[in-house]
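Have a look at structure_7.pdb; it's PDB, C-alpha atoms, pLDDT in the B column:
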```pdb
ATOM      1  CA  GLY A   4      33.226  88.312 132.686  1.00 65.00           C
ATOM      2  CA  ALA A   5      32.575  88.623 136.390  1.00 79.00           C
ATOM      3  CA  VAL A   6      31.270  92.050 137.333  1.00 87.00           C
ATOM      4  CA  VAL A   7      30.940  93.630 140.749  1.00 92.00           C
ATOM      5  CA  SER A   8      28.962  96.806 141.192  1.00 93.00           C
ATOM      6  CA  GLN A   9      28.861  99.289 144.038  1.00 95.00           C
ATOM      7  CA  HIS A  10      26.257 101.862 144.878  1.00 96.00           C
ATOM      8  CA  PRO A  11      26.524 104.735 145.361  1.00 96.00           C
ATOM      9  CA  SER A  12      29.731 105.674 143.566  1.00 94.00           C
ATOM     10  CA  ARG A  13      30.006 108.868 145.540  1.00 95.00           C
ATOM     11  CA  VAL A  14      28.310 110.117 148.691  1.00 97.00           C
ATOM     12  CA  ILE A  15      28.601 113.247 150.764  1.00 97.00           C
ATOM     13  CA  CYS A  16      27.010 113.286 154.179  1.00 96.00           C
ATOM     14  CA  LYS A  17      26.932 115.305 157.362  1.00 96.00           C
ATOM     15  CA  SER A  18      28.808 114.237 160.435  1.00 96.00           C
ATOM     16  CA  GLY A  19      26.724 111.951 162.640  1.00 96.00           C
ATOM     17  CA  THR A  20      24.656 110.408 159.897  1.00 96.00           C
ATOM     18  CA  SER A  21      24.847 106.818 158.674  1.00 97.00           C
ATOM     19  CA  VAL A  22      25.683 105.768 155.151  1.00 97.00           C
ATOM     20  CA  LYS A  23      24.977 102.445 153.484  1.00 97.00           C
ATOM     21  CA  ILE A  24      27.081 101.146 150.603  1.00 97.00           C
ATOM     22  CA  GLU A  25      25.898  98.222 148.502  1.00 97.00           C
ATOM     23  CA  CYS A  26      28.087  95.688 146.764  1.00 96.00           C
ATOM     24  CA  ARG A  27      26.605  93.311 144.215  1.00 94.00           C
ATOM     25  CA  SER A  28      28.033  90.487 142.167  1.00 91.00           C
ATOM     26  CA  LEU A  29      26.126  90.779 138.916  1.00 90.00           C
ATOM     27  CA  ASP A  30      26.788  87.531 137.091  1.00 85.00           C
ATOM     28  CA  PHE A  31      28.144  85.137 139.648  1.00 84.00           C
ATOM     29  CA  GLN A  32      27.502  83.946 143.169  1.00 86.00           C
ATOM     30  CA  ALA A  33      29.856  85.156 145.823  1.00 86.00           C
ATOM     31  CA  THR A  34      29.951  83.201 149.037  1.00 84.00           C
ATOM     32  CA  THR A  35      32.573  85.599 150.313  1.00 89.00           C
ATOM     33  CA  MET A  36      32.829  89.340 149.904  1.00 93.00           C
ATOM     34  CA  PHE A  37      35.521  91.647 151.181  1.00 94.00           C
ATOM     35  CA  TRP A  38      35.465  95.298 152.187  1.00 96.00           C
ATOM     36  CA  TYR A  39      38.548  97.441 151.779  1.00 95.00           C
ATOM     37  CA  ARG A  40      39.392 101.003 152.612  1.00 95.00           C
ATOM     38  CA  GLN A  41      41.867 103.061 150.644  1.00 90.00           C
ATOM     39  CA  PHE A  42      43.325 106.382 151.686  1.00 85.00           C
ATOM     40  CA  PRO A  43      44.789 108.725 149.066  1.00 81.00           C
ATOM     41  CA  LYS A  44      47.942 107.381 147.468  1.00 76.00           C
ATOM     42  CA  GLN A  45      47.886 104.310 149.683  1.00 82.00           C
ATOM     43  CA  SER A  46      47.215 100.643 149.279  1.00 86.00           C
ATOM     44  CA  LEU A  47      44.021  98.804 150.052  1.00 89.00           C
ATOM     45  CA  MET A  48      43.493  97.856 153.656  1.00 91.00           C
ATOM     46  CA  LEU A  49      41.180  94.959 154.343  1.00 93.00           C
ATOM     47  CA  MET A  50      38.462  95.937 156.792  1.00 95.00           C
ATOM     48  CA  ALA A  51      36.392  92.793 156.964  1.00 95.00           C
ATOM     49  CA  THR A  52      35.462  89.573 155.288  1.00 93.00           C
ATOM     50  CA  SER A  53      31.770  89.004 154.732  1.00 89.00           C
ATOM     51  CA  ASN A  54      30.367  85.511 154.452  1.00 85.00           C
ATOM     52  CA  GLU A  55      26.864  84.881 153.200  1.00 83.00           C
ATOM     53  CA  GLY A  56      24.542  83.960 156.022  1.00 82.00           C
ATOM     54  CA  SER A  57      27.026  84.471 158.834  1.00 84.00           C
ATOM     55  CA  LYS A  58      28.676  87.251 160.773  1.00 88.00           C
ATOM     56  CA  ALA A  59      31.475  89.178 159.168  1.00 92.00           C
ATOM     57  CA  THR A  60      35.051  88.778 160.345  1.00 93.00           C
ATOM     58  CA  TYR A  61      36.702  92.087 161.074  1.00 95.00           C
ATOM     59  CA  GLU A  62      40.388  92.898 160.864  1.00 93.00           C
ATOM     60  CA  GLN A  63      42.209  94.091 163.928  1.00 92.00           C
ATOM     61  CA  GLY A  64      41.502  97.717 164.683  1.00 93.00           C
ATOM     62  CA  VAL A  65      38.266  97.899 162.699  1.00 94.00           C
ATOM     63  CA  GLU A  66      35.242  98.733 164.846  1.00 94.00           C
ATOM     64  CA  LYS A  67      32.494  96.271 164.041  1.00 92.00           C
ATOM     65  CA  ASP A  68      29.831  98.460 165.630  1.00 94.00           C
ATOM     66  CA  LYS A  69      30.831 101.362 163.448  1.00 96.00           C
ATOM     67  CA  PHE A  70      31.169  99.465 160.202  1.00 96.00           C
ATOM     68  CA  LEU A  71      28.166  97.178 160.004  1.00 96.00           C
ATOM     69  CA  ILE A  72      28.330  94.492 157.373  1.00 94.00           C
ATOM     70  CA  ASN A  73      25.445  92.408 156.132  1.00 91.00           C
ATOM     71  CA  HIS A  74      25.734  89.640 153.561  1.00 89.00           C
ATOM     72  CA  ALA A  75      22.188  88.419 153.228  1.00 82.00           C
ATOM     73  CA  SER A  76      22.410  86.798 149.815  1.00 89.00           C
ATOM     74  CA  LEU A  77      24.974  85.308 147.472  1.00 88.00           C
ATOM     75  CA  THR A  78      24.982  88.462 145.368  1.00 91.00           C
ATOM     76  CA  LEU A  79      24.677  91.308 147.860  1.00 93.00           C
ATOM     77  CA  SER A  80      26.714  92.630 150.736  1.00 94.00           C
ATOM     78  CA  THR A  81      26.218  95.978 152.430  1.00 95.00           C
ATOM     79  CA  LEU A  82      28.539  98.146 154.495  1.00 97.00           C
ATOM     80  CA  THR A  83      26.936 100.725 156.763  1.00 97.00           C
ATOM     81  CA  VAL A  84      29.126 103.425 158.227  1.00 97.00           C
ATOM     82  CA  THR A  85      27.290 104.442 161.364  1.00 96.00           C
ATOM     83  CA  SER A  86      27.546 107.899 162.897  1.00 96.00           C
ATOM     84  CA  ALA A  87      30.061 108.920 160.282  1.00 96.00           C
ATOM     85  CA  HIS A  88      32.765 111.449 161.092  1.00 96.00           C
ATOM     86  CA  PRO A  89      35.193 113.320 158.844  1.00 95.00           C
ATOM     87  CA  GLU A  90      37.941 110.799 159.592  1.00 94.00           C
ATOM     88  CA  ASP A  91      35.757 108.123 157.972  1.00 95.00           C
ATOM     89  CA  SER A  92      36.077 109.928 154.660  1.00 95.00           C
ATOM     90  CA  SER A  93      37.780 107.513 152.335  1.00 94.00           C
ATOM     91  CA  PHE A  94      37.452 105.354 149.244  1.00 93.00           C
ATOM     92  CA  TYR A  95      35.678 102.101 150.052  1.00 95.00           C
ATOM     93  CA  ILE A  96      36.088  99.167 147.708  1.00 94.00           C
ATOM     94  CA  CYS A  97      34.314  95.844 147.844  1.00 95.00           C
ATOM     95  CA  SER A  98      35.434  92.596 146.318  1.00 94.00           C
ATOM     96  CA  ALA A  99      33.646  89.337 145.668  1.00 92.00           C
ATOM     97  CA  ARG A 100      35.149  85.918 145.351  1.00 86.00           C
ATOM     98  CA  ASP A 101      33.804  83.644 142.664  1.00 75.00           C
ATOM     99  CA  ASN A 102      33.668  80.118 144.027  1.00 70.00           C
ATOM    100  CA  THR A 103      32.349  78.530 140.848  1.00 66.00           C
ATOM    101  CA  GLY A 104      33.541  77.810 137.351  1.00 59.00           C
ATOM    102  CA  LEU A 105      36.893  78.694 135.882  1.00 56.00           C
ATOM    103  CA  SER A 106      37.488  81.711 138.065  1.00 53.00           C
ATOM    104  CA  TYR A 107      37.670  79.726 141.264  1.00 55.00           C
ATOM    105  CA  ASN A 108      39.258  81.685 144.088  1.00 68.00           C
ATOM    106  CA  GLU A 109      39.681  84.816 142.057  1.00 76.00           C
ATOM    107  CA  GLN A 110      38.498  88.086 143.562  1.00 84.00           C
ATOM    108  CA  PHE A 111      36.684  90.678 141.487  1.00 88.00           C
ATOM    109  CA  PHE A 112      36.567  94.270 142.611  1.00 91.00           C
ATOM    110  CA  GLY A 113      33.867  96.862 142.540  1.00 93.00           C
ATOM    111  CA  PRO A 114      34.451 100.378 141.200  1.00 91.00           C
ATOM    112  CA  GLY A 115      34.597 101.862 144.694  1.00 92.00           C
ATOM    113  CA  THR A 116      32.579 104.393 146.680  1.00 95.00           C
ATOM    114  CA  ARG A 117      33.986 107.777 147.589  1.00 94.00           C
ATOM    115  CA  LEU A 118      32.650 108.815 150.998  1.00 96.00           C
ATOM    116  CA  THR A 119      33.049 112.399 152.139  1.00 96.00           C
ATOM    117  CA  VAL A 120      31.854 113.300 155.606  1.00 96.00           C
ATOM    118  CA  LEU A 121      31.465 117.010 156.239  1.00 95.00           C
TER     119      LEU A 121
ATOM    120  CA  ALA B  18      52.262  85.778 157.717  1.00 79.00           C
ATOM    121  CA  GLN B  19      52.258  86.753 154.089  1.00 85.00           C
ATOM    122  CA  SER B  20      53.529  90.019 152.641  1.00 89.00           C
ATOM    123  CA  VAL B  21      54.161  91.802 149.376  1.00 93.00           C
ATOM    124  CA  ALA B  22      56.766  94.417 148.584  1.00 94.00           C
ATOM    125  CA  GLN B  23      56.697  96.821 145.685  1.00 95.00           C
ATOM    126  CA  PRO B  24      60.016  98.615 146.087  1.00 95.00           C
ATOM    127  CA  GLU B  25      59.283 101.484 143.722  1.00 95.00           C
ATOM    128  CA  ASP B  26      56.693 104.113 144.573  1.00 94.00           C
ATOM    129  CA  GLN B  27      56.796 105.411 141.029  1.00 96.00           C
ATOM    130  CA  VAL B  28      58.127 104.277 137.686  1.00 98.00           C
ATOM    131  CA  ASN B  29      58.611 106.705 134.826  1.00 97.00           C
ATOM    132  CA  VAL B  30      58.999 105.451 131.285  1.00 98.00           C
ATOM    133  CA  ALA B  31      58.805 106.930 127.820  1.00 98.00           C
ATOM    134  CA  GLU B  32      56.051 105.761 125.537  1.00 97.00           C
ATOM    135  CA  GLY B  33      57.196 102.825 123.431  1.00 97.00           C
ATOM    136  CA  ASN B  34      59.835 101.734 125.916  1.00 98.00           C
ATOM    137  CA  PRO B  35      59.649  98.567 128.010  1.00 98.00           C
ATOM    138  CA  LEU B  36      57.874  98.830 131.338  1.00 98.00           C
ATOM    139  CA  THR B  37      58.723  96.794 134.426  1.00 98.00           C
ATOM    140  CA  VAL B  38      57.001  97.013 137.789  1.00 98.00           C
ATOM    141  CA  LYS B  39      58.700  95.023 140.510  1.00 98.00           C
ATOM    142  CA  CYS B  40      57.084  92.797 143.110  1.00 97.00           C
ATOM    143  CA  THR B  41      58.489  90.391 145.676  1.00 97.00           C
ATOM    144  CA  TYR B  42      56.475  88.320 148.080  1.00 95.00           C
ATOM    145  CA  SER B  43      56.653  86.204 151.185  1.00 93.00           C
ATOM    146  CA  VAL B  44      54.156  83.439 151.863  1.00 89.00           C
ATOM    147  CA  SER B  45      53.992  80.013 153.446  1.00 86.00           C
ATOM    148  CA  GLY B  46      53.179  77.364 150.914  1.00 84.00           C
ATOM    149  CA  ASN B  47      52.450  77.780 147.252  1.00 84.00           C
ATOM    150  CA  PRO B  48      51.557  81.356 146.358  1.00 89.00           C
ATOM    151  CA  TYR B  49      48.698  82.641 144.285  1.00 90.00           C
ATOM    152  CA  LEU B  50      49.945  85.890 142.747  1.00 94.00           C
ATOM    153  CA  PHE B  51      47.954  88.680 141.139  1.00 94.00           C
ATOM    154  CA  TRP B  52      48.432  92.012 139.451  1.00 96.00           C
ATOM    155  CA  TYR B  53      45.751  94.688 139.429  1.00 95.00           C
ATOM    156  CA  VAL B  54      45.610  98.157 137.913  1.00 95.00           C
ATOM    157  CA  GLN B  55      43.712 101.113 139.315  1.00 92.00           C
ATOM    158  CA  TYR B  56      42.782 104.275 137.463  1.00 89.00           C
ATOM    159  CA  PRO B  57      41.878 107.445 139.398  1.00 83.00           C
ATOM    160  CA  ASN B  58      38.722 107.103 141.482  1.00 77.00           C
ATOM    161  CA  ARG B  59      38.114 103.622 140.172  1.00 81.00           C
ATOM    162  CA  GLY B  60      38.221 100.141 141.617  1.00 83.00           C
ATOM    163  CA  LEU B  61      40.843  97.570 140.786  1.00 88.00           C
ATOM    164  CA  GLN B  62      40.965  95.908 137.416  1.00 90.00           C
ATOM    165  CA  PHE B  63      42.433  92.425 137.165  1.00 89.00           C
ATOM    166  CA  LEU B  64      45.454  92.110 134.875  1.00 94.00           C
ATOM    167  CA  LEU B  65      46.770  88.609 135.395  1.00 93.00           C
ATOM    168  CA  LYS B  66      47.412  85.860 137.885  1.00 92.00           C
ATOM    169  CA  TYR B  67      49.750  83.002 138.598  1.00 93.00           C
ATOM    170  CA  ILE B  68      48.279  79.925 140.221  1.00 88.00           C
ATOM    171  CA  THR B  69      50.374  77.071 138.881  1.00 85.00           C
ATOM    172  CA  GLY B  70      52.026  75.896 135.675  1.00 87.00           C
ATOM    173  CA  ASP B  71      54.011  78.019 133.255  1.00 90.00           C
ATOM    174  CA  ASN B  72      56.096  80.656 135.025  1.00 92.00           C
ATOM    175  CA  LEU B  73      55.380  83.251 132.349  1.00 95.00           C
ATOM    176  CA  VAL B  74      51.854  84.511 132.603  1.00 95.00           C
ATOM    177  CA  LYS B  75      50.223  86.645 129.937  1.00 95.00           C
ATOM    178  CA  GLY B  76      47.408  88.961 130.850  1.00 94.00           C
ATOM    179  CA  SER B  77      45.261  91.827 129.698  1.00 91.00           C
ATOM    180  CA  TYR B  78      46.379  94.841 127.648  1.00 93.00           C
ATOM    181  CA  GLY B  79      49.674  93.248 126.618  1.00 95.00           C
ATOM    182  CA  PHE B  80      50.990  92.790 130.141  1.00 97.00           C
ATOM    183  CA  GLU B  81      52.842  89.732 131.319  1.00 97.00           C
ATOM    184  CA  ALA B  82      54.547  88.636 134.506  1.00 97.00           C
ATOM    185  CA  GLU B  83      57.148  86.046 135.363  1.00 95.00           C
ATOM    186  CA  PHE B  84      56.946  83.949 138.474  1.00 96.00           C
ATOM    187  CA  ASN B  85      60.398  83.323 139.920  1.00 96.00           C
ATOM    188  CA  LYS B  86      60.243  80.998 142.879  1.00 93.00           C
ATOM    189  CA  SER B  87      63.908  81.218 143.838  1.00 94.00           C
ATOM    190  CA  GLN B  88      63.796  85.001 143.949  1.00 95.00           C
ATOM    191  CA  THR B  89      60.220  85.091 145.274  1.00 95.00           C
ATOM    192  CA  SER B  90      59.390  87.657 142.630  1.00 97.00           C
ATOM    193  CA  PHE B  91      56.520  88.316 140.270  1.00 98.00           C
ATOM    194  CA  HIS B  92      57.517  91.347 138.208  1.00 98.00           C
ATOM    195  CA  LEU B  93      55.014  92.861 135.804  1.00 98.00           C
ATOM    196  CA  LYS B  94      56.228  93.696 132.318  1.00 98.00           C
ATOM    197  CA  LYS B  95      55.050  95.230 129.102  1.00 98.00           C
ATOM    198  CA  PRO B  96      57.322  95.355 126.042  1.00 97.00           C
ATOM    199  CA  SER B  97      56.077  98.714 124.786  1.00 97.00           C
ATOM    200  CA  ALA B  98      54.344 101.096 127.165  1.00 97.00           C
ATOM    201  CA  LEU B  99      51.459 103.354 126.193  1.00 97.00           C
ATOM    202  CA  VAL B 100      50.480 106.684 127.710  1.00 96.00           C
ATOM    203  CA  SER B 101      47.185 105.049 128.659  1.00 95.00           C
ATOM    204  CA  ASP B 102      49.109 102.593 130.860  1.00 96.00           C
ATOM    205  CA  SER B 103      49.691 105.420 133.325  1.00 96.00           C
ATOM    206  CA  ALA B 104      47.958 104.256 136.489  1.00 96.00           C
ATOM    207  CA  LEU B 105      48.498 102.697 139.907  1.00 95.00           C
ATOM    208  CA  TYR B 106      49.549  99.056 139.896  1.00 96.00           C
ATOM    209  CA  PHE B 107      49.114  96.622 142.760  1.00 95.00           C
ATOM    210  CA  CYS B 108      50.721  93.249 143.268  1.00 96.00           C
ATOM    211  CA  ALA B 109      48.904  90.857 145.586  1.00 94.00           C
ATOM    212  CA  VAL B 110      49.537  87.430 147.045  1.00 92.00           C
ATOM    213  CA  ARG B 111      47.696  84.831 148.974  1.00 86.00           C
ATOM    214  CA  ALA B 112      48.208  81.245 149.967  1.00 78.00           C
ATOM    215  CA  ALA B 113      45.358  78.800 149.559  1.00 67.00           C
ATOM    216  CA  GLY B 114      42.598  79.608 152.004  1.00 69.00           C
ATOM    217  CA  ASN B 115      44.152  82.896 153.056  1.00 72.00           C
ATOM    218  CA  LYS B 116      43.149  86.474 152.444  1.00 83.00           C
ATOM    219  CA  LEU B 117      44.612  88.592 149.697  1.00 88.00           C
ATOM    220  CA  THR B 118      47.516  90.814 150.769  1.00 90.00           C
ATOM    221  CA  PHE B 119      48.387  93.827 148.653  1.00 92.00           C
ATOM    222  CA  GLY B 120      51.650  95.594 148.070  1.00 93.00           C
ATOM    223  CA  GLY B 121      51.876  99.318 148.571  1.00 92.00           C
ATOM    224  CA  GLY B 122      51.304 100.069 144.923  1.00 94.00           C
ATOM    225  CA  THR B 123      53.495 101.539 142.201  1.00 96.00           C
ATOM    226  CA  ARG B 124      52.472 104.555 140.232  1.00 95.00           C
ATOM    227  CA  VAL B 125      53.405 104.278 136.572  1.00 97.00           C
ATOM    228  CA  LEU B 126      53.790 107.397 134.497  1.00 97.00           C
ATOM    229  CA  VAL B 127      54.258 106.922 130.776  1.00 97.00           C
ATOM    230  CA  LYS B 128      55.377 110.086 129.029  1.00 96.00           C
ATOM    231  CA  PRO B 129      54.661 110.717 125.366  1.00 95.00           C
TER     232      PRO B 129
END
```
How would this structure read if it were set down as structure tokens?
Amino acid sequence: GAVVSQHPSRVICKSGTSVKIECRSLDFQATTMFWYRQFPKQSLMLMATSNEGSKATYEQGVEKDKFLINHASLTLSTLTVTSAHPEDSSFYICSARDNTGLSYNEQFFGPGTRLTVL
Amino acid sequence: AQSVAQPEDQVNVAEGNPLTVKCTYSVSGNPYLFWYVQYPNRGLQFLLKYITGDNLVKGSYGFEAEFNKSQTSFHLKKPSALVSDSALYFCAVRAAGNKLTFGGGTRVLVKP
């Protein structure tokens, strides 16, 4: 089945530092990847849509200069939280859309990355 | 605009009893409907989806859901709940070409 991995699974950093989170589709090509943020006991909020080879599309209220997204290949997208602050602490989940085969249009989700900013 | 409502924040059920998690949606055009489950500190796991065809969709772990167009609902069901089904469940919808929109989630607690 389609598998999406994220690395790291958990990261603790000091305020002001930058953190990079990787999202990989392991056995399929993902033209489109999505980045979500989830606060405790809440639903997933879409932050941005990442398209391979082009600029990401950010949702309203999401700072593109703070949350840098790069989707350089069909299997890898990265989210960099720049100058992180405690309010950026959250659970970040990526998702990849399989545009081939029988799973057309279905999104597969990574296991998430827990970011804690001290 | 598309939206999803999960009216219950939490559902409690005894092990062995039927489990129902409610979901209603609003979307322009034909909906693609999904159910996902999330365990603590984990990503979302796909349970089932409705794209077209038979209104009753069977998915993973014994779950099923029924698409009801007139009531714009897509309730998740399991005939006999297990303690291991305790988790957070999300309903999601999207129209063709649109982004996925999630409901607020329903926490299921299955008691032994």
**Neighbour residues at most 10 Å from (35.6, 108.9, 153.5) (all atoms listed in the file) as a PyMOL selection string** = chain A and resi 13-16+40-42+84+87-95+116-121
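Using all atoms listed in the file, the residues found no farther than 12 Å from Val74 of chain B, other than those of its own chain fewer than 2 positions away, are Leu50, Phe51, Trp52, Leu64, Leu65, Lys66, Tyr67, Ile68, Thr69, Gly70, Asp71, Asn72, Gly76, Ser77, Gly79, Phe80, Glu81, Ala82, Glu83, Phe84, Asn85, Phe91, His92, Leu93, Lys94 and Lys95 of chain B.
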Run the PyMOL selection byres ((chain B) within 8 of (chain A)) on the file and write out the hits as a PDB file with C-alpha atoms, keeping the file's coordinate frame.
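Listed below is the output, part-v2.pdb:
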```
ATOM      1  CA  ASN B  58      38.722 107.103 141.482  1.00 77.00           C
ATOM      2  CA  ARG B  59      38.114 103.622 140.172  1.00 81.00           C
ATOM      3  CA  GLY B  60      38.221 100.141 141.617  1.00 83.00           C
ATOM      4  CA  LEU B  61      40.843  97.570 140.786  1.00 88.00           C
ATOM      5  CA  GLN B  62      40.965  95.908 137.416  1.00 90.00           C
ATOM      6  CA  PHE B  63      42.433  92.425 137.165  1.00 89.00           C
ATOM      7  CA  PHE B 107      49.114  96.622 142.760  1.00 95.00           C
ATOM      8  CA  PHE B 119      48.387  93.827 148.653  1.00 92.00           C
ATOM      9  CA  GLY B 120      51.650  95.594 148.070  1.00 93.00           C
ATOM     10  CA  GLY B 121      51.876  99.318 148.571  1.00 92.00           C
ATOM     11  CA  GLY B 122      51.304 100.069 144.923  1.00 94.00           C
TER      12      GLY B 122
END
```
**Request:** Please evaluate the PyMOL selection byres ((chain A and resi 74) around 7) against the displayed coordinates and give the resulting residues as a list in words.
**Result:**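 Applying the expression gives Ser53, Asn54, Glu55, Gly56, Ile72, Asn73, Ala75, Ser76, Leu79, Ser80 and Thr81 of chain A.
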**Asked** Expanded to explicit residues, what is the PyMOL selection byres ((chain B and resi 110) around 8) for this file, as a PyMOL selection string?
**Response** chain B and resi 19-21+42+44+48-51+108-109+111-112+117-119
**Request:** Figure out the distance between atom CA of Thr83 of chain A and atom CA of Glu66 of chain A, please, to one decimal in Å.
**Result:**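 Computing the Euclidean distance for atom CA of Glu66 of chain A and atom CA of Thr83 of chain A yields 11.8 Å.
If you look at atom CA of Ala22 of chain B and atom CA of Tyr78 of chain B, they are 23.4 Å away from each other.
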